[in-house]
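Presented below is the structure to which this report refers.
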Amino acid sequence: HNLIRGLLYSEGIISVGADINEIHTEGDDYIVILSDHINFNPIEHARKLTMTSSCGICGKDSISNLIHMHGPTLSEDMQIDMSIIGTSLTSLQNGQELFTDTGGTHACARLDSIGNLISIGEDVGRHNAMDKLIGGALKNNLVPIREEILIVSGRASFELVQKSLRAGFPIMIALILV
């Protein structure tokens with residue numbers, strides 16, 4: 001359910017975990033019951049294609065809603081030493097259980113200010129991994145995120161940066177192995 005929570009938050013449909021009353025399944029479908037105060041207009045969030053592990057902007061009529069969607073004020077106080085990048089890489093790699101088993105997943109991780117792993121989201125798609133990570137934080141009432149580092153495997157696409165800003169990460173590290 002973290003994928004659903006994270007996607008709804010990243011899309012601006014919900015602002016806090018309590019905006020979701022219930023998530024349940026009916027066969028292969030997930031049914032999400034939003035709080036009564038949520039003004040959800042499905043037309044604004046419609047896509048022209050089937051959801052995949054690709055970029056979450058694909059299929060949108062416009063990115064204007066994403067550009068105008070803001071997150072919390074980012075911490076200007078958080079700074080890290082360059083050595084933390086190496087520590088962050090090790091934390092990410094050590095936390096990737098699905099990648100260890102399959103060799104075919106991306107990961108996004110929340111790290112403390114010295115690079116220790118707090119939590120991780122893994123998926124075949126980078127954007128889904130990010131939504132799982134944010135959804136887990138949202139479930140535990142930890143959004144907005146303040147003094148943490150985000151590290152992502154792969155390139156930093158527009159949407160990953162947007163999701164990072166929306167969640168409140170003051171520092172984002174993108175890892176590209178060549």
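Here, A, B, ... name the chains of the structure tokens in the order displayed, residue numbers run from 1 inside each chain, and ligands are numbered from 1 in the same displayed order.
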
Which residues, written as a list in words, have at least one atom at most 7 Å from stretch 120-122 of chain A, with only C-alpha atoms counted and residues fewer than 2 positions away on the same chain left out?
->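 The neighbour list is Gly95, Leu98, Thr105, His106, Ala107, Cys108, Ala109, Arg110, Ala129, Met130, Lys132 and Leu133 of chain A.
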
Could you give me the residues within stretch 4-177 of chain A that DSSP places in alpha helix (DSSP H), as number ranges by chain?
-> A: 4-10, 64-67, 83-95, 97-102, 126-139, 158-167

Within 12 Å of stretch 76-85 of chain A using only C-alpha atoms, minus same-chain residues under 6 positions, as a PDB file with N, CA and C atoms, in the first residue's frame:
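Output saved as result.pdb:
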```pdb
ATOM      1  N   SER A  91      25.301   2.386   2.264  1.00  0.00           N
ATOM      2  CA  SER A  91      24.008   2.146   2.920  1.00  0.00           C
ATOM      3  C   SER A  91      22.950   1.705   1.917  1.00  0.00           C
ATOM      4  N   LEU A  92      22.902   2.373   0.768  1.00  0.00           N
ATOM      5  CA  LEU A  92      21.934   2.015  -0.271  1.00  0.00           C
ATOM      6  C   LEU A  92      22.182   0.587  -0.756  1.00  0.00           C
ATOM      7  N   LEU A 111      18.123   8.498   4.346  1.00  0.00           N
ATOM      8  CA  LEU A 111      19.317   8.339   5.165  1.00  0.00           C
ATOM      9  C   LEU A 111      19.396   9.474   6.174  1.00  0.00           C
ATOM     10  N   ASP A 112      19.995   9.187   7.321  1.00  0.00           N
ATOM     11  CA  ASP A 112      20.186  10.271   8.284  1.00  0.00           C
ATOM     12  C   ASP A 112      21.357  11.145   7.832  1.00  0.00           C
ATOM     13  N   SER A 113      21.676  12.154   8.611  1.00  0.00           N
ATOM     14  CA  SER A 113      22.670  13.150   8.190  1.00  0.00           C
ATOM     15  C   SER A 113      24.085  12.612   8.076  1.00  0.00           C
ATOM     16  N   ILE A 114      24.329  11.394   8.581  1.00  0.00           N
ATOM     17  CA  ILE A 114      25.668  10.809   8.423  1.00  0.00           C
ATOM     18  C   ILE A 114      25.659   9.598   7.487  1.00  0.00           C
ATOM     19  N   GLY A 115      24.545   9.410   6.778  1.00  0.00           N
ATOM     20  CA  GLY A 115      24.490   8.384   5.743  1.00  0.00           C
ATOM     21  C   GLY A 115      23.978   7.030   6.165  1.00  0.00           C
ATOM     22  N   ASN A 116      23.440   6.910   7.372  1.00  0.00           N
ATOM     23  CA  ASN A 116      22.881   5.640   7.824  1.00  0.00           C
ATOM     24  C   ASN A 116      21.476   5.447   7.264  1.00  0.00           C
ATOM     25  N   LEU A 117      21.181   4.228   6.843  1.00  0.00           N
ATOM     26  CA  LEU A 117      19.895   3.892   6.245  1.00  0.00           C
ATOM     27  C   LEU A 117      18.764   3.997   7.265  1.00  0.00           C
ATOM     28  N   ARG A 146      12.470  16.302   6.957  1.00  0.00           N
ATOM     29  CA  ARG A 146      13.223  17.541   7.199  1.00  0.00           C
ATOM     30  C   ARG A 146      14.735  17.386   7.053  1.00  0.00           C
ATOM     31  N   GLU A 147      15.368  16.708   7.962  1.00  0.00           N
ATOM     32  CA  GLU A 147      16.834  16.651   8.027  1.00  0.00           C
ATOM     33  C   GLU A 147      17.342  15.288   7.571  1.00  0.00           C
ATOM     34  N   GLU A 148      16.970  14.896   6.372  1.00  0.00           N
ATOM     35  CA  GLU A 148      17.393  13.599   5.840  1.00  0.00           C
ATOM     36  C   GLU A 148      17.938  13.764   4.434  1.00  0.00           C
ATOM     37  N   ILE A 149      18.677  12.742   4.029  1.00  0.00           N
ATOM     38  CA  ILE A 149      19.247  12.672   2.688  1.00  0.00           C
ATOM     39  C   ILE A 149      18.425  11.656   1.905  1.00  0.00           C
ATOM     40  N   LEU A 150      18.172  11.962   0.655  1.00  0.00           N
ATOM     41  CA  LEU A 150      17.560  11.003  -0.264  1.00  0.00           C
ATOM     42  C   LEU A 150      18.646  10.550  -1.227  1.00  0.00           C
ATOM     43  N   ILE A 151      18.775   9.237  -1.406  1.00  0.00           N
ATOM     44  CA  ILE A 151      19.673   8.717  -2.432  1.00  0.00           C
ATOM     45  C   ILE A 151      18.856   7.834  -3.357  1.00  0.00           C
ATOM     46  N   VAL A 152      19.038   8.020  -4.666  1.00  0.00           N
ATOM     47  CA  VAL A 152      18.306   7.245  -5.667  1.00  0.00           C
ATOM     48  C   VAL A 152      19.288   6.531  -6.576  1.00  0.00           C
ATOM     49  N   GLY A 168      10.067  16.937   0.964  1.00  0.00           N
ATOM     50  CA  GLY A 168      10.823  17.787   1.873  1.00  0.00           C
ATOM     51  C   GLY A 168      12.293  17.457   2.030  1.00  0.00           C
ATOM     52  N   PHE A 169      12.828  16.564   1.201  1.00  0.00           N
ATOM     53  CA  PHE A 169      14.253  16.225   1.318  1.00  0.00           C
ATOM     54  C   PHE A 169      15.119  17.436   0.958  1.00  0.00           C
ATOM     55  N   PRO A 170      15.993  17.880   1.865  1.00  0.00           N
ATOM     56  CA  PRO A 170      16.859  19.013   1.541  1.00  0.00           C
ATOM     57  C   PRO A 170      18.068  18.625   0.684  1.00  0.00           C
ATOM     58  N   ILE A 171      18.415  17.332   0.686  1.00  0.00           N
ATOM     59  CA  ILE A 171      19.566  16.852  -0.088  1.00  0.00           C
ATOM     60  C   ILE A 171      19.157  15.601  -0.857  1.00  0.00           C
ATOM     61  N   MET A 172      19.488  15.575  -2.144  1.00  0.00           N
ATOM     62  CA  MET A 172      19.214  14.414  -2.994  1.00  0.00           C
ATOM     63  C   MET A 172      20.513  14.027  -3.685  1.00  0.00           C
ATOM     64  N   ILE A 173      20.834  12.741  -3.619  1.00  0.00           N
ATOM     65  CA  ILE A 173      22.011  12.185  -4.287  1.00  0.00           C
ATOM     66  C   ILE A 173      21.511  11.184  -5.324  1.00  0.00           C
ATOM     67  N   ALA A 174      21.945  11.331  -6.559  1.00  0.00           N
ATOM     68  CA  ALA A 174      21.595  10.371  -7.609  1.00  0.00           C
ATOM     69  C   ALA A 174      22.849   9.576  -7.935  1.00  0.00           C
ATOM     70  N   LEU A 175      22.702   8.263  -7.943  1.00  0.00           N
ATOM     71  CA  LEU A 175      23.817   7.358  -8.150  1.00  0.00           C
ATOM     72  C   LEU A 175      23.717   6.732  -9.533  1.00  0.00           C
TER      73      LEU A 175
END
```

Nearest candidate to A:Ser164 (options A:His45, A:Lys139, A:Gly104, A:Ser10; using only C-alpha atoms) |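 Nearest candidate to A:Ser164 out of A:His45, A:Lys139, A:Gly104, A:Ser10: A:Ser10.
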
Calculate how many Å separate atom CA of A:Thr25 from atom CA of A:Ile118, rounding to one decimal.
->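 Distance between the two atoms: 28.8 Å.
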
Which residues in stretch 123-172 of chain A does DSSP call strand (DSSP E or B)? List them as JSON, numbers by chain.
-> {"A": [123, 149, 150, 151, 152, 153, 171, 172]}

Would you mind exporting N, CA and C atoms of the selected residues as an mmCIF file, in the first residue's frame?
```
data_model
loop_
_atom_site.group_PDB
_atom_site.id
_atom_site.type_symbol
_atom_site.label_atom_id
_atom_site.label_comp_id
_atom_site.auth_asym_id
_atom_site.auth_seq_id
_atom_site.Cartn_x
_atom_site.Cartn_y
_atom_site.Cartn_z
ATOM 1 N N ASP A 123 11.871 -1.151 -6.434
ATOM 2 C CA ASP A 123 10.905 -1.529 -7.457
ATOM 3 C C ASP A 123 11.653 -1.602 -8.783
ATOM 4 N N ILE A 149 18.677 12.742 4.029
ATOM 5 C CA ILE A 149 19.247 12.672 2.688
ATOM 6 C C ILE A 149 18.425 11.656 1.905
ATOM 7 N N LEU A 150 18.172 11.962 0.655
ATOM 8 C CA LEU A 150 17.560 11.003 -0.264
ATOM 9 C C LEU A 150 18.646 10.550 -1.227
ATOM 10 N N ILE A 151 18.775 9.237 -1.406
ATOM 11 C CA ILE A 151 19.673 8.717 -2.432
ATOM 12 C C ILE A 151 18.856 7.834 -3.357
ATOM 13 N N VAL A 152 19.038 8.020 -4.666
ATOM 14 C CA VAL A 152 18.306 7.245 -5.667
ATOM 15 C C VAL A 152 19.288 6.531 -6.576
ATOM 16 N N SER A 153 18.926 5.325 -6.968
ATOM 17 C CA SER A 153 19.757 4.613 -7.941
ATOM 18 C C SER A 153 19.333 5.072 -9.330
ATOM 19 N N ILE A 171 18.415 17.332 0.686
ATOM 20 C CA ILE A 171 19.566 16.852 -0.088
ATOM 21 C C ILE A 171 19.157 15.601 -0.857
ATOM 22 N N MET A 172 19.488 15.575 -2.144
ATOM 23 C CA MET A 172 19.214 14.414 -2.994
ATOM 24 C C MET A 172 20.513 14.027 -3.685
#
```

Have a look at A:Gly71, A:Arg5, A:Ala46, A:Gly154 and name the one nearest to A:Leu89; count only C-alpha atoms.
->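 Closest to A:Leu89 of all the choices is A:Gly154.
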
Distance of atom CA of A:Val143 from atom CA of A:Val32, expressed in Å to one decimal place =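 According to the coordinates, atom CA of A:Val32 and atom CA of A:Val143 are separated by 19.7 Å.
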